Amino acid sequence: LFSGFYTLELMREDILKERKWRMKSLPISRYQYVFSIIIVTTLYCGLQSYVLTHYTRVFYDVIWGNQGRLILTIILTSFVIQMIYLNLAMNLKNYKTMERSAVAVSLLSMFFAGVWFKLPDHPVLNFMGTYGNPFSLARNTMIDVMKGEFTTEGIASTGLFILLGFILINISIFQGRRKFE
């Protein structure tokens, strides 16, 4: 959840700082540049996560299941997180506000997922804890991978994650056009 700070920092340099003239002098289109940042940070954070899964496999005997599905799940999760942070960078003008909003999104996701304590049994809180935040969607998908099964919850979470990714791409394209043109 916190891996999006790479994207936030790179976008800060190109949107808010005195080097924003670089965006106008790029040899490629601004969309290609921004999405190259997203691709690089997604792959970098995916590699970090994959290394961590192997660390837990070696030292804690965690069984992660099918490695192909694991890599796809990690990349999908990393991509959606990068897109969330990109949209924060595109929509907010102050870097401190971007940072605090990003931390709030991450901590609220973990809160609703019940990381620290179990939430009361309420339909809204149950939805938020199962499908209503990026952490829960990633957890449901990862558990599906670890079990080596295709459960309804895992498939729904993967579908919602992909849908969230497409929605965030469209929002970032719309915001990018407004911001850079």
# chains A, B, ... in the order shown; residues from 1 in each chain; ligands from 1
$ residues_around --residues "Ile38 (chain A)" --least-positions-apart "3" --cutoff "10 Å" --atoms "only C-alpha atoms" --output "list in words"
Gly4, Tyr6, Thr7, Leu10, Gln32, Tyr33, Val34, Phe35, Thr41, Thr42, Leu43, Tyr44, Ser78, Phe79, Val80, Ile81, Gln82, Met83, Tyr85 and Leu86 of chain A
$ select_by_dssp --residues "region 32-166 of chain A" --states "helix (DSSP H, G or I)" --output "ChimeraX atom specification"
/A:32-60,67-91,95-112,123-130,134-147,152-166
$ closest_residue --among "A:Tyr31, A:Phe127, A:Phe117, A:Phe59" --to "Gly176 (chain A)" --atoms "only C-alpha atoms"
A:Tyr31
$ closest_residue --among "A:Gly65, A:Ile71, A:Thr158, A:Leu137" --to "Gln48 (chain A)" --atoms "only C-alpha atoms"
A:Ile71
$ residues_around --residues "Leu168 (chain A)" --least-positions-apart "3" --cutoff "9 Å" --atoms "only C-alpha atoms" --output "list in words"
Val80, Met83, Ile84, Leu86, Asn87, Leu163, Leu164, Gly165, Ile171, Ser172 and Ile173 of chain A
$ write_last_selection --atoms "N, CA, C and O atoms" --output "PDB file, in the first residue's frame"
ATOM      1  N   VAL A  80      -2.470  -1.077  -9.400  1.00  0.00           N
ATOM      2  CA  VAL A  80      -3.618  -0.330  -8.866  1.00  0.00           C
ATOM      3  C   VAL A  80      -3.153   0.679  -7.813  1.00  0.00           C
ATOM      4  O   VAL A  80      -3.613   1.828  -7.792  1.00  0.00           O
ATOM      5  N   MET A  83      -1.641   3.615  -9.522  1.00  0.00           N
ATOM      6  CA  MET A  83      -2.665   4.452 -10.140  1.00  0.00           C
ATOM      7  C   MET A  83      -3.400   5.291  -9.090  1.00  0.00           C
ATOM      8  O   MET A  83      -3.768   6.443  -9.356  1.00  0.00           O
ATOM      9  N   ILE A  84      -3.614   4.738  -7.908  1.00  0.00           N
ATOM     10  CA  ILE A  84      -4.230   5.520  -6.830  1.00  0.00           C
ATOM     11  C   ILE A  84      -3.342   6.714  -6.499  1.00  0.00           C
ATOM     12  O   ILE A  84      -3.804   7.853  -6.400  1.00  0.00           O
ATOM     13  N   LEU A  86      -1.001   8.061  -8.397  1.00  0.00           N
ATOM     14  CA  LEU A  86      -0.940   8.969  -9.532  1.00  0.00           C
ATOM     15  C   LEU A  86      -2.141   9.904  -9.535  1.00  0.00           C
ATOM     16  O   LEU A  86      -2.007  11.107  -9.773  1.00  0.00           O
ATOM     17  N   ASN A  87      -3.318   9.365  -9.254  1.00  0.00           N
ATOM     18  CA  ASN A  87      -4.515  10.203  -9.218  1.00  0.00           C
ATOM     19  C   ASN A  87      -4.459  11.212  -8.079  1.00  0.00           C
ATOM     20  O   ASN A  87      -4.926  12.335  -8.226  1.00  0.00           O
ATOM     21  N   LEU A 163     -11.280  -3.777 -12.559  1.00  0.00           N
ATOM     22  CA  LEU A 163     -12.219  -2.683 -12.821  1.00  0.00           C
ATOM     23  C   LEU A 163     -11.717  -1.386 -12.187  1.00  0.00           C
ATOM     24  O   LEU A 163     -11.747  -0.322 -12.831  1.00  0.00           O
ATOM     25  N   LEU A 164     -11.238  -1.449 -10.964  1.00  0.00           N
ATOM     26  CA  LEU A 164     -10.691  -0.272 -10.288  1.00  0.00           C
ATOM     27  C   LEU A 164      -9.502   0.283 -11.060  1.00  0.00           C
ATOM     28  O   LEU A 164      -9.365   1.498 -11.220  1.00  0.00           O
ATOM     29  N   GLY A 165      -8.650  -0.604 -11.567  1.00  0.00           N
ATOM     30  CA  GLY A 165      -7.508  -0.170 -12.365  1.00  0.00           C
ATOM     31  C   GLY A 165      -7.946   0.584 -13.612  1.00  0.00           C
ATOM     32  O   GLY A 165      -7.394   1.648 -13.932  1.00  0.00           O
ATOM     33  N   ILE A 171      -9.594   8.078 -15.149  1.00  0.00           N
ATOM     34  CA  ILE A 171      -9.570   9.313 -14.361  1.00  0.00           C
ATOM     35  C   ILE A 171      -8.238  10.031 -14.547  1.00  0.00           C
ATOM     36  O   ILE A 171      -8.197  11.249 -14.723  1.00  0.00           O
ATOM     37  N   SER A 172      -7.135   9.273 -14.530  1.00  0.00           N
ATOM     38  CA  SER A 172      -5.824   9.908 -14.677  1.00  0.00           C
ATOM     39  C   SER A 172      -5.639  10.497 -16.079  1.00  0.00           C
ATOM     40  O   SER A 172      -5.034  11.555 -16.228  1.00  0.00           O
ATOM     41  N   ILE A 173      -6.163   9.838 -17.097  1.00  0.00           N
ATOM     42  CA  ILE A 173      -6.086  10.389 -18.457  1.00  0.00           C
ATOM     43  C   ILE A 173      -6.887  11.684 -18.541  1.00  0.00           C
ATOM     44  O   ILE A 173      -6.419  12.690 -19.070  1.00  0.00           O
TER      45      ILE A 173
END
$ closest_residue --among "A:Ile167, A:Leu76, A:Leu70, A:Ala138" --to "Glu153 (chain A)" --atoms "only C-alpha atoms"
A:Ala138
